[in-house]
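Coordinates from query-v8.cif are shown below (mmCIF, C-alpha atoms (C1' of nucleotides)).
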```
data_my_file
#
loop_
_atom_site.label_atom_id
_atom_site.label_comp_id
_atom_site.auth_asym_id
_atom_site.auth_seq_id
_atom_site.Cartn_x
_atom_site.Cartn_y
_atom_site.Cartn_z
CA MET A 1 27.90 33.33 -1.73
CA GLN A 2 29.69 33.67 1.56
CA LEU A 3 32.03 31.80 3.84
CA PRO A 4 30.28 30.24 6.83
CA LYS A 5 30.49 32.23 10.04
CA GLY A 6 32.28 29.26 11.57
CA VAL A 7 35.44 30.33 9.75
CA GLU A 8 35.46 33.60 11.63
CA TRP A 9 34.72 31.92 14.94
CA ALA A 10 37.42 29.33 14.43
CA ALA A 11 40.06 31.86 13.42
CA HIS A 12 39.40 33.98 16.50
CA CYS A 13 39.47 30.96 18.77
CA LEU A 14 42.80 29.86 17.36
CA VAL A 15 44.15 33.33 18.05
CA VAL A 16 42.92 33.11 21.63
CA LEU A 17 44.60 29.76 22.08
CA GLU A 18 47.82 31.22 20.73
CA ARG A 19 47.72 34.16 23.09
CA LEU A 20 47.17 31.93 26.09
CA GLY A 21 50.35 30.02 25.42
CA GLU A 22 50.32 26.27 25.50
CA SER A 23 49.51 25.88 29.17
CA HIS A 24 46.34 23.83 29.52
CA PRO A 25 43.55 22.88 27.13
CA VAL A 26 40.68 25.37 27.03
CA PRO A 27 37.14 23.98 27.01
CA THR A 28 34.54 25.03 24.46
CA SER A 29 32.47 26.74 27.11
CA THR A 30 35.27 29.19 27.94
CA LEU A 31 36.05 30.03 24.33
CA ALA A 32 32.36 30.57 23.67
CA GLU A 33 32.14 32.91 26.62
CA VAL A 34 35.10 34.99 25.45
CA TYR A 35 33.34 35.94 22.24
CA GLY A 36 29.72 35.47 23.26
CA LEU A 37 29.17 32.53 20.92
CA SER A 38 26.85 29.57 21.05
CA PRO A 39 28.82 26.89 22.95
CA THR A 40 27.29 23.87 21.24
CA TYR A 41 27.66 25.27 17.76
CA LEU A 42 31.18 26.49 18.40
CA ASN A 43 32.02 23.01 19.65
CA LYS A 44 30.95 21.58 16.34
CA HIS A 45 33.46 23.80 14.57
CA LEU A 46 36.21 23.01 17.04
CA GLN A 47 35.55 19.34 16.42
CA ALA A 48 36.12 19.95 12.74
CA LEU A 49 39.42 21.69 13.48
CA SER A 50 40.37 18.75 15.63
CA ARG A 51 39.49 16.20 12.98
CA HIS A 52 41.66 18.11 10.51
CA GLY A 53 44.60 18.15 12.88
CA LEU A 54 44.67 21.86 13.75
CA LEU A 55 43.64 21.28 17.34
CA ILE A 56 44.24 18.56 19.88
CA SER A 57 41.22 17.70 21.92
CA THR A 58 41.48 16.41 25.45
CA PRO A 59 38.44 14.68 26.87
CA GLY A 60 37.69 14.54 30.52
CA SER A 61 36.98 16.86 33.36
CA THR A 62 39.83 19.29 32.76
CA GLY A 63 39.82 18.72 29.04
CA GLY A 64 39.37 21.10 26.13
CA PHE A 65 41.22 22.16 23.02
CA SER A 66 44.78 23.24 22.41
CA LEU A 67 46.84 24.02 19.32
CA SER A 68 48.29 20.93 17.71
CA ARG A 69 51.37 22.76 16.44
CA PRO A 70 53.03 26.19 16.60
CA ALA A 71 50.68 29.00 15.64
CA ALA A 72 53.09 30.05 12.92
CA GLU A 73 52.32 26.77 11.16
CA ILE A 74 48.55 27.15 11.13
CA THR A 75 47.24 29.33 8.33
CA LEU A 76 43.88 30.73 7.34
CA ALA A 77 43.94 28.33 4.40
CA ASP A 78 43.99 25.47 6.90
CA VAL A 79 41.02 26.92 8.73
CA VAL A 80 38.96 27.36 5.59
CA GLU A 81 39.81 23.88 4.41
CA ALA A 82 38.94 22.35 7.76
CA LEU A 83 35.56 24.04 8.03
CA ASP A 84 34.48 24.20 4.46
CA GLY A 85 35.74 20.84 3.36
CA ASP A 86 37.00 20.16 -0.10
CA ARG A 87 34.32 22.21 -1.78
CA THR A 88 35.41 24.64 -4.46
CA LEU A 89 34.02 28.15 -4.75
CA PHE A 90 32.99 27.41 -8.31
CA ARG A 91 31.18 24.21 -9.08
CA CYS A 92 31.23 23.11 -12.73
CA THR A 93 28.07 21.31 -13.80
CA GLU A 94 29.21 20.87 -17.40
CA ILE A 95 26.16 22.47 -18.96
CA ARG A 96 28.11 22.21 -22.20
CA CYS A 97 26.86 18.63 -22.30
CA ASP A 98 23.28 19.25 -21.33
CA GLY A 99 21.25 20.95 -23.99
CA LEU A 100 21.78 21.25 -27.72
CA PHE A 101 24.93 19.15 -27.75
CA GLN A 102 23.73 16.38 -25.51
CA ASP A 103 24.49 13.64 -28.02
CA ARG A 104 28.10 14.79 -28.28
CA SER A 105 28.75 14.95 -24.57
CA ALA A 106 31.37 12.19 -24.67
CA GLU A 107 33.24 14.06 -27.37
CA ILE A 108 33.00 17.35 -25.45
CA ARG A 109 34.23 15.85 -22.21
CA ALA A 110 37.10 14.20 -24.05
CA SER A 111 38.17 17.60 -25.37
CA GLY A 112 39.20 18.54 -21.86
CA ALA A 113 37.91 20.47 -18.89
CA CYS A 114 35.69 23.45 -19.44
CA ARG A 115 37.80 26.60 -19.74
CA ILE A 116 35.43 28.54 -17.55
CA ALA A 117 35.89 26.03 -14.76
CA ALA A 118 39.65 26.04 -15.27
CA ALA A 119 39.82 29.83 -14.98
CA MET A 120 37.60 29.82 -11.93
CA TRP A 121 39.74 27.21 -10.25
CA GLN A 122 42.92 29.08 -11.02
CA ALA A 123 41.51 32.19 -9.37
CA GLU A 124 40.50 30.10 -6.42
CA GLN A 125 44.03 28.82 -6.25
CA ALA A 126 45.26 32.41 -5.95
CA TRP A 127 42.78 32.93 -3.12
CA ARG A 128 43.93 29.88 -1.20
CA GLU A 129 47.57 30.74 -1.73
CA SER A 130 47.00 34.15 -0.27
CA LEU A 131 45.22 32.63 2.71
CA ALA A 132 48.13 30.25 3.15
CA THR A 133 50.54 33.15 3.70
CA VAL A 134 48.75 34.27 6.85
CA SER A 135 49.36 32.30 10.01
CA ILE A 136 47.56 32.46 13.33
CA ASN A 137 50.77 33.89 14.65
CA ASP A 138 50.58 36.79 12.21
CA LEU A 139 47.06 37.54 13.34
CA ALA A 140 47.62 37.34 17.06
CA GLY A 141 49.55 40.59 17.36
CA GLY A 142 46.77 42.97 16.52
CA ILE A 143 43.43 41.55 17.35
CA ASP A 144 43.64 40.95 21.03
CA ALA A 145 46.70 42.99 21.87
CA LEU A 146 44.29 45.36 23.48
CA SER A 147 42.66 42.70 25.55
CA GLY A 148 45.37 40.09 25.84
CA GLN A 149 45.93 40.68 29.51
CA ASN A 150 42.24 40.42 30.34
CA LEU A 151 42.06 37.31 28.27
CA ASN A 152 44.69 35.59 30.36
CA GLU A 153 43.07 36.64 33.59
CA PHE A 154 39.66 35.55 32.44
CA VAL A 155 40.68 32.13 31.25
CA GLY A 156 42.97 31.73 34.19
CA ASN A 157 40.15 32.32 36.61
CA LYS A 158 37.92 30.01 34.65
CA ASN A 159 40.44 27.24 34.89
CA ARG A 160 41.05 27.77 38.57
CA LYS A 161 37.32 27.65 39.12
CA ALA A 162 37.44 24.27 37.46
CA GLY A 163 39.88 23.24 40.13
CA GLN A 164 43.01 23.60 38.08
CA ASP A 165 46.26 25.24 39.00
CA ILE A 166 47.49 27.25 36.07
CA MET B 167 30.18 28.13 0.48
CA GLN B 168 29.78 28.16 -3.23
CA LEU B 169 29.21 30.56 -6.08
CA PRO B 170 25.65 30.54 -7.36
CA LYS B 171 25.06 28.43 -10.43
CA GLY B 172 23.97 31.58 -12.22
CA VAL B 173 27.63 32.52 -12.58
CA GLU B 174 28.28 29.42 -14.65
CA TRP B 175 25.16 29.94 -16.74
CA ALA B 176 25.97 33.58 -17.39
CA ALA B 177 29.57 32.88 -18.35
CA HIS B 178 28.54 30.24 -20.87
CA CYS B 179 25.86 32.47 -22.33
CA LEU B 180 28.33 35.28 -22.80
CA VAL B 181 30.62 32.87 -24.63
CA VAL B 182 27.76 31.85 -26.89
CA LEU B 183 26.98 35.46 -27.68
CA GLU B 184 30.62 36.03 -28.50
CA ARG B 185 30.77 33.07 -30.85
CA LEU B 186 27.67 34.17 -32.71
CA GLY B 187 29.23 37.49 -33.59
CA GLU B 188 27.33 40.68 -33.09
CA SER B 189 24.58 39.98 -35.61
CA HIS B 190 21.21 40.12 -33.87
CA PRO B 191 20.13 39.94 -30.26
CA VAL B 192 19.48 36.43 -28.99
CA PRO B 193 16.39 35.85 -26.84
CA THR B 194 16.51 34.11 -23.48
CA SER B 195 14.54 31.17 -24.82
CA THR B 196 17.20 30.34 -27.39
CA LEU B 197 20.09 30.63 -24.94
CA ALA B 198 18.21 28.45 -22.48
CA GLU B 199 17.65 25.83 -25.15
CA VAL B 200 21.33 25.73 -26.11
CA TYR B 201 22.34 24.59 -22.64
CA GLY B 202 19.09 23.03 -21.44
CA LEU B 203 18.51 25.66 -18.77
CA SER B 204 15.38 27.02 -17.16
CA PRO B 205 14.35 29.95 -19.40
CA THR B 206 12.72 32.05 -16.71
CA TYR B 207 15.52 31.64 -14.25
CA LEU B 208 18.18 32.22 -16.86
CA ASN B 209 16.35 35.38 -17.81
CA LYS B 210 16.68 36.61 -14.27
CA HIS B 211 20.46 36.28 -14.50
CA LEU B 212 20.60 37.90 -17.93
CA GLN B 213 18.66 40.81 -16.53
CA ALA B 214 21.31 41.19 -13.87
CA LEU B 215 24.04 41.21 -16.52
CA SER B 216 22.05 43.84 -18.38
CA ARG B 217 21.61 46.01 -15.30
CA HIS B 218 25.37 45.88 -14.74
CA GLY B 219 26.13 46.90 -18.28
CA LEU B 220 27.55 43.63 -19.62
CA LEU B 221 24.63 43.00 -21.94
CA ILE B 222 22.32 45.19 -23.96
CA SER B 223 18.73 44.09 -23.88
CA THR B 224 16.38 44.72 -26.77
CA PRO B 225 12.68 44.45 -26.03
CA GLY B 226 10.13 43.58 -28.64
CA SER B 227 9.31 40.77 -30.97
CA THR B 228 12.79 40.22 -32.36
CA GLY B 229 14.49 41.33 -29.17
CA GLY B 230 16.93 39.57 -26.91
CA PHE B 231 20.37 40.10 -25.47
CA SER B 232 23.66 41.05 -27.04
CA LEU B 233 27.11 41.92 -25.72
CA SER B 234 27.43 45.54 -24.70
CA ARG B 235 31.12 45.72 -25.59
CA PRO B 236 33.89 43.58 -27.14
CA ALA B 237 34.19 40.19 -25.50
CA ALA B 238 37.81 40.96 -24.72
CA GLU B 239 36.61 43.67 -22.35
CA ILE B 240 34.25 41.49 -20.34
CA THR B 241 35.94 39.45 -17.63
CA LEU B 242 34.89 36.76 -15.22
CA ALA B 243 35.30 39.31 -12.46
CA ASP B 244 32.58 41.38 -14.12
CA VAL B 245 30.30 38.35 -14.25
CA VAL B 246 30.80 37.49 -10.60
CA GLU B 247 30.27 41.07 -9.54
CA ALA B 248 27.12 41.39 -11.62
CA LEU B 249 25.52 38.23 -10.27
CA ASP B 250 26.81 38.15 -6.75
CA GLY B 251 26.59 41.82 -5.99
CA ASP B 252 28.97 43.59 -3.68
CA ARG B 253 29.06 40.79 -1.16
CA THR B 254 32.43 39.70 0.12
CA LEU B 255 33.40 36.06 0.56
CA PHE B 256 34.23 36.73 4.17
CA ARG B 257 31.85 38.69 6.32
CA CYS B 258 33.29 40.18 9.51
CA THR B 259 30.85 40.28 12.39
CA GLU B 260 33.35 41.78 14.85
CA ILE B 261 32.88 39.13 17.49
CA ARG B 262 35.83 40.81 19.18
CA CYS B 263 33.28 43.25 20.54
CA ASP B 264 30.61 40.78 21.56
CA GLY B 265 31.55 38.72 24.57
CA LEU B 266 34.06 39.26 27.30
CA PHE B 267 35.20 42.62 26.02
CA GLN B 268 31.80 44.06 25.27
CA ASP B 269 32.31 47.13 27.38
CA ARG B 270 35.47 48.03 25.51
CA SER B 271 34.00 47.66 22.04
CA ALA B 272 34.48 51.34 21.19
CA GLU B 273 38.14 51.07 22.09
CA ILE B 274 38.55 47.87 20.09
CA ARG B 275 36.89 49.29 17.01
CA ALA B 276 39.04 52.39 17.26
CA SER B 277 42.15 50.22 17.21
CA GLY B 278 41.41 49.41 13.58
CA ALA B 279 39.87 46.69 11.48
CA CYS B 280 40.13 43.11 12.61
CA ARG B 281 43.29 41.54 11.20
CA ILE B 282 41.45 38.37 10.33
CA ALA B 283 39.01 40.32 8.19
CA ALA B 284 41.85 42.26 6.60
CA ALA B 285 43.69 39.08 5.64
CA MET B 286 40.52 37.51 4.30
CA TRP B 287 39.77 40.53 2.19
CA GLN B 288 43.28 40.65 0.82
CA ALA B 289 42.98 37.04 -0.30
CA GLU B 290 39.66 37.85 -1.87
CA GLN B 291 41.34 40.68 -3.71
CA ALA B 292 43.79 38.17 -5.20
CA TRP B 293 40.85 36.06 -6.28
CA ARG B 294 39.08 38.93 -8.02
CA GLU B 295 42.28 40.07 -9.67
CA SER B 296 42.79 36.63 -11.11
CA LEU B 297 39.24 36.57 -12.39
CA ALA B 298 39.78 39.97 -13.96
CA THR B 299 42.57 38.58 -16.16
CA VAL B 300 40.22 36.22 -17.97
CA SER B 301 37.96 37.67 -20.63
CA ILE B 302 35.05 36.09 -22.43
CA ASN B 303 37.24 36.24 -25.48
CA ASP B 304 39.86 34.08 -23.80
CA LEU B 305 37.24 31.51 -22.94
CA ALA B 306 35.53 31.32 -26.29
CA GLY B 307 38.31 29.47 -28.06
CA GLY B 308 38.05 26.19 -26.26
CA ILE B 309 34.64 25.67 -24.89
CA ASP B 310 32.49 25.65 -27.94
CA ALA B 311 35.12 25.33 -30.63
CA LEU B 312 33.88 21.80 -30.98
CA SER B 313 30.32 22.86 -31.45
CA GLY B 314 30.63 26.38 -32.76
CA GLN B 315 29.37 25.51 -36.20
CA ASN B 316 26.28 23.77 -34.85
CA LEU B 317 25.72 26.70 -32.57
CA ASN B 318 25.53 29.11 -35.46
CA GLU B 319 23.22 26.86 -37.42
CA PHE B 320 20.96 26.30 -34.46
CA VAL B 321 20.60 29.92 -33.48
CA GLY B 322 20.37 30.91 -37.13
CA ASN B 323 17.45 28.58 -37.67
CA LYS B 324 15.82 29.78 -34.49
CA ASN B 325 16.04 33.34 -35.62
CA ARG B 326 14.74 32.57 -39.10
CA LYS B 327 11.83 30.76 -37.55
CA ALA B 328 11.11 33.95 -35.73
CA GLY B 329 10.86 35.56 -39.12
CA GLN B 330 14.28 37.08 -39.15
CA ASP B 331 16.86 37.10 -41.90
CA ILE B 332 20.26 36.44 -40.41
"C1'" DG C 333 -4.07 44.24 -33.14
"C1'" DC C 334 -1.18 40.20 -32.33
"C1'" DA C 335 2.84 37.68 -31.02
"C1'" DA C 336 7.24 37.71 -29.08
"C1'" DT C 337 10.10 39.73 -26.17
"C1'" DC C 338 12.23 42.16 -21.84
"C1'" DT C 339 11.20 43.97 -16.77
"C1'" DA C 340 10.00 43.70 -12.15
"C1'" DG C 341 8.20 41.70 -8.46
"C1'" DA C 342 5.64 38.15 -5.86
"C1'" DC C 343 5.68 33.46 -4.74
"C1'" DA C 344 7.07 28.49 -3.99
"C1'" DT C 345 10.65 24.98 -3.61
"C1'" DT C 346 15.05 23.24 -2.49
"C1'" DT C 347 19.43 23.47 -0.40
"C1'" DT C 348 22.64 25.29 2.88
"C1'" DA C 349 23.94 27.40 7.16
"C1'" DT C 350 22.92 27.97 11.81
"C1'" DA C 351 21.72 26.22 16.16
"C1'" DT C 352 20.07 22.91 19.58
"C1'" DC C 353 19.78 18.53 21.78
"C1'" DC C 354 20.87 13.96 23.41
"C1'" DA C 355 23.26 9.48 24.30
"C1'" DG C 356 27.90 7.60 24.60
"C1'" DA C 357 32.82 7.65 25.99
"C1'" DT C 358 36.84 9.66 28.51
"C1'" DT C 359 39.09 11.75 32.31
"C1'" DG C 360 39.97 14.10 36.90
"C1'" DC C 361 38.49 14.59 41.28
"C1'" DT C 362 36.62 13.22 45.81
"C1'" DA D 363 33.42 3.65 43.01
"C1'" DG D 364 30.84 7.63 41.84
"C1'" DC D 365 30.29 12.33 40.22
"C1'" DA D 366 31.09 16.24 37.31
"C1'" DA D 367 33.03 18.15 33.36
"C1'" DT D 368 34.42 17.39 29.08
"C1'" DC D 369 34.74 15.75 23.95
"C1'" DT D 370 32.25 12.90 19.98
"C1'" DG D 371 28.82 11.92 16.79
"C1'" DG D 372 24.42 11.98 15.18
"C1'" DA D 373 19.57 13.47 15.08
"C1'" DT D 374 16.76 17.23 14.84
"C1'" DA D 375 14.94 21.95 14.37
"C1'" DT D 376 15.20 26.79 12.70
"C1'" DA D 377 16.74 30.51 9.63
"C1'" DA D 378 18.64 32.10 5.48
"C1'" DA D 379 19.95 31.73 0.78
"C1'" DA D 380 19.76 29.77 -3.75
"C1'" DT D 381 16.85 28.01 -7.18
"C1'" DG D 382 12.90 28.05 -9.85
"C1'" DT D 383 8.10 29.52 -11.28
"C1'" DC D 384 4.55 32.69 -12.23
"C1'" DT D 385 2.02 36.92 -13.37
"C1'" DA D 386 1.19 41.66 -14.90
"C1'" DG D 387 3.08 45.49 -17.42
"C1'" DA D 388 5.79 47.69 -21.20
"C1'" DT D 389 8.14 47.61 -25.79
"C1'" DT D 390 8.73 46.37 -30.47
"C1'" DG D 391 8.02 44.12 -35.17
"C1'" DC D 392 4.80 42.34 -38.17
#
```
As structure tokens, please, write out the structure in this file.
Amino acid sequence: MQLPKGVEWAAHCLVVLERLGESHPVPTSTLAEVYGLSPTYLNKHLQALSRHGLLISTPGSTGGFSLSRPAAEITLADVVEALDGDRTLFRCTEIRCDGLFQDRSAEIRASGACRIAAAMWQAEQAWRESLATVSINDLAGGIDALSGQNLNEFVGNKNRKAGQDI
Amino acid sequence: MQLPKGVEWAAHCLVVLERLGESHPVPTSTLAEVYGLSPTYLNKHLQALSRHGLLISTPGSTGGFSLSRPAAEITLADVVEALDGDRTLFRCTEIRCDGLFQDRSAEIRASGACRIAAAMWQAEQAWRESLATVSINDLAGGIDALSGQNLNEFVGNKNRKAGQDI
DNA sequence: GCAATCTAGACATTTTATATCCAGATTGCT
DNA sequence: AGCAATCTGGATATAAAATGTCTAGATTGC
């Protein structure tokens, strides 16, 4: 069981957008180039972030994606939720009601949620709460500190190429 | 991203073994019948639990599986680790080193682990720690309290059928 | 020796993740 | 107005993982 790679891609892209400041929207193609990712597939993930309100998408010739709110208010929990939907790590299939005790399934269900599921969900809660303490802002310092300058130059050139004055 | 169903199966089976006391080993076929599971596939998971020291397996005609230690000392974290191996929820592919900054990858790696990965792993740590607080013993009370009596009768009959005096 | 079991691995099926592609709509530029 | 670049959504294809089955070998109790 593993988180989809899209989570990693999305997190890095959000960091890039933070580092670039709020200037102009950055198109998928540029973000893909920064990290050597598949543009079309990355776009699918960015669309998901947009649908969930983490990004604002601007259509049109000089369009692209930009952060919808301050990077300090976007957390890893948001990213995971946006890309992985409302799925839980643990999925309870209530096998308590399936085999030997089939005919008492109503009674079993009435006795409350399965304790295994409850414990699993509580642990998952701890996971999400930890993710919620880390914002894109917290992440931005380290990751691309080394390459932040280059990043600005690169994207800047890209945008100028597209006919835009940054 | 979701935990394999085997985790649920294994957890329930451990609870059943706890409720039956330590009497005799219970074969895969009986455990599968209790919850209406695929015997061969369940056996694969039980083998994994055995390899990781949660269960003791007894070969032979009256063989089967039994808990390797008190149910209070087997936690959900153990179950997840046994069935899902050493995989982490989040897998870092270091895309920092892949695209624009390819030629500086050595430098980037030297600057330390990716902060995104670090945050993800810390959250995962919280998840595992929460799972480690829940033992099979804790779970046994609720889940099959309703059907514990039937469980004993059922497995008892099974074992007698197999020629065993329980 | 026979029947029941665990073990290990090969194999098939199903589901999910990954990736690509295309038609439609929006916008900026000339 | 027309063109180029973009986002949007869905269809489709490929790769990987989970799920499930099967067989041959080894162990034990009767």
Once you count only C-alpha atoms (C1' of nucleotides), what closest atom pair and distance in Å to one decimal does each residue of chain A within 12 Å of chain D have, with rows by chain and rising residue number, as a Markdown table?
```
| residue | atom | partner | partner_atom | distance |
| --- | --- | --- | --- | --- |
| A:Met1 | CA | D:DA379 | C1' | 8.5 |
| A:Gln2 | CA | D:DA379 | C1' | 10.0 |
| A:Pro4 | CA | D:DA378 | C1' | 11.9 |
| A:Pro25 | CA | D:DT368 | C1' | 10.8 |
| A:Val26 | CA | D:DT368 | C1' | 10.3 |
| A:Pro27 | CA | D:DT368 | C1' | 7.4 |
| A:Thr28 | CA | D:DT368 | C1' | 8.9 |
| A:Ser29 | CA | D:DT368 | C1' | 9.8 |
| A:Thr30 | CA | D:DT368 | C1' | 11.9 |
| A:Thr40 | CA | D:DC369 | C1' | 11.3 |
| A:Asn43 | CA | D:DC369 | C1' | 8.9 |
| A:Lys44 | CA | D:DT370 | C1' | 9.5 |
| A:Leu46 | CA | D:DC369 | C1' | 10.1 |
| A:Gln47 | CA | D:DT370 | C1' | 8.1 |
| A:Ala48 | CA | D:DT370 | C1' | 10.8 |
| A:Ser50 | CA | D:DC369 | C1' | 10.5 |
| A:Arg51 | CA | D:DT370 | C1' | 10.6 |
| A:Ile56 | CA | D:DC369 | C1' | 10.7 |
| A:Ser57 | CA | D:DC369 | C1' | 7.1 |
| A:Thr58 | CA | D:DC369 | C1' | 6.9 |
| A:Pro59 | CA | D:DC369 | C1' | 4.8 |
| A:Gly60 | CA | D:DT368 | C1' | 4.6 |
| A:Ser61 | CA | D:DA367 | C1' | 4.2 |
| A:Thr62 | CA | D:DT368 | C1' | 6.8 |
| A:Gly63 | CA | D:DT368 | C1' | 5.6 |
| A:Gly64 | CA | D:DT368 | C1' | 6.9 |
| A:Phe65 | CA | D:DC369 | C1' | 9.2 |
| A:Asn159 | CA | D:DA367 | C1' | 11.8 |
| A:Lys161 | CA | D:DA367 | C1' | 11.9 |
| A:Ala162 | CA | D:DA367 | C1' | 8.6 |
| A:Gly163 | CA | D:DA367 | C1' | 10.9 |
```
Please evaluate the PyMOL selection byres ((chain A) within 7 of (chain B)) against the structure above and give the resulting residues as number ranges by chain. A: 1-4, 33-36, 88-90, 95-96, 98-100, 114-116, 120, 123-124, 126-127, 130-131, 139, 142-143
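Any residue of chain C with an atom within 7 Å of chain A counts; using only C-alpha atoms (C1' of nucleotides), that gives DA349, DA351, DT358, DT359 and DG360 of chain C.
Straight-line separation from atom C1' of DC338 of chain C to atom CA of Leu233 of chain B: 15.4 Å.
The space between atom CA of Thr241 of chain B and atom C1' of DT347 of chain C spans 28.7 Å.
We find atom CA of Val245 of chain B and atom CA of Ala110 of chain A to be spaced 26.9 Å apart.
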Taking (54.7, 30.7, 15.4) in the file's own coordinates, collect the residues within 9 Å, counting all atoms listed in the file, and hand them back as JSON, numbers by chain. {"A": [18, 69, 70, 71, 72, 73, 74, 135, 136, 137, 138]}
Generate N, CA and C atoms for segment 119-131 of chain A and emit them as a PDB file, keeping the file's coordinate frame.
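After the write, rebuild_26.pdb holds the following:
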```pdb
ATOM      1  N   ALA A 119      39.491  28.458 -15.392  1.00  0.00           N
ATOM      2  CA  ALA A 119      39.820  29.830 -14.980  1.00  0.00           C
ATOM      3  C   ALA A 119      39.342  30.104 -13.570  1.00  0.00           C
ATOM      4  N   MET A 120      38.156  29.622 -13.267  1.00  0.00           N
ATOM      5  CA  MET A 120      37.600  29.820 -11.930  1.00  0.00           C
ATOM      6  C   MET A 120      38.489  29.145 -10.889  1.00  0.00           C
ATOM      7  N   TRP A 121      38.926  27.960 -11.200  1.00  0.00           N
ATOM      8  CA  TRP A 121      39.740  27.210 -10.250  1.00  0.00           C
ATOM      9  C   TRP A 121      41.120  27.834 -10.068  1.00  0.00           C
ATOM     10  N   GLN A 122      41.627  28.413 -11.146  1.00  0.00           N
ATOM     11  CA  GLN A 122      42.920  29.080 -11.020  1.00  0.00           C
ATOM     12  C   GLN A 122      42.816  30.295 -10.105  1.00  0.00           C
ATOM     13  N   ALA A 123      41.719  31.029 -10.250  1.00  0.00           N
ATOM     14  CA  ALA A 123      41.510  32.190  -9.370  1.00  0.00           C
ATOM     15  C   ALA A 123      41.374  31.740  -7.926  1.00  0.00           C
ATOM     16  N   GLU A 124      40.682  30.633  -7.768  1.00  0.00           N
ATOM     17  CA  GLU A 124      40.500  30.100  -6.420  1.00  0.00           C
ATOM     18  C   GLU A 124      41.843  29.690  -5.831  1.00  0.00           C
ATOM     19  N   GLN A 125      42.690  29.183  -6.682  1.00  0.00           N
ATOM     20  CA  GLN A 125      44.030  28.820  -6.250  1.00  0.00           C
ATOM     21  C   GLN A 125      44.753  30.039  -5.697  1.00  0.00           C
ATOM     22  N   ALA A 126      44.632  31.170  -6.399  1.00  0.00           N
ATOM     23  CA  ALA A 126      45.260  32.410  -5.950  1.00  0.00           C
ATOM     24  C   ALA A 126      44.715  32.810  -4.579  1.00  0.00           C
ATOM     25  N   TRP A 127      43.427  32.612  -4.406  1.00  0.00           N
ATOM     26  CA  TRP A 127      42.780  32.930  -3.120  1.00  0.00           C
ATOM     27  C   TRP A 127      43.383  32.080  -2.003  1.00  0.00           C
ATOM     28  N   ARG A 128      43.412  30.776  -2.235  1.00  0.00           N
ATOM     29  CA  ARG A 128      43.930  29.880  -1.200  1.00  0.00           C
ATOM     30  C   ARG A 128      45.401  30.138  -0.915  1.00  0.00           C
ATOM     31  N   GLU A 129      46.152  30.469  -1.958  1.00  0.00           N
ATOM     32  CA  GLU A 129      47.570  30.740  -1.730  1.00  0.00           C
ATOM     33  C   GLU A 129      47.763  31.982  -0.883  1.00  0.00           C
ATOM     34  N   SER A 130      46.908  32.950  -1.102  1.00  0.00           N
ATOM     35  CA  SER A 130      47.000  34.150  -0.270  1.00  0.00           C
ATOM     36  C   SER A 130      46.638  33.828   1.175  1.00  0.00           C
ATOM     37  N   LEU A 131      45.614  33.021   1.353  1.00  0.00           N
ATOM     38  CA  LEU A 131      45.220  32.630   2.710  1.00  0.00           C
ATOM     39  C   LEU A 131      46.345  31.850   3.393  1.00  0.00           C
TER      40      LEU A 131
END
```
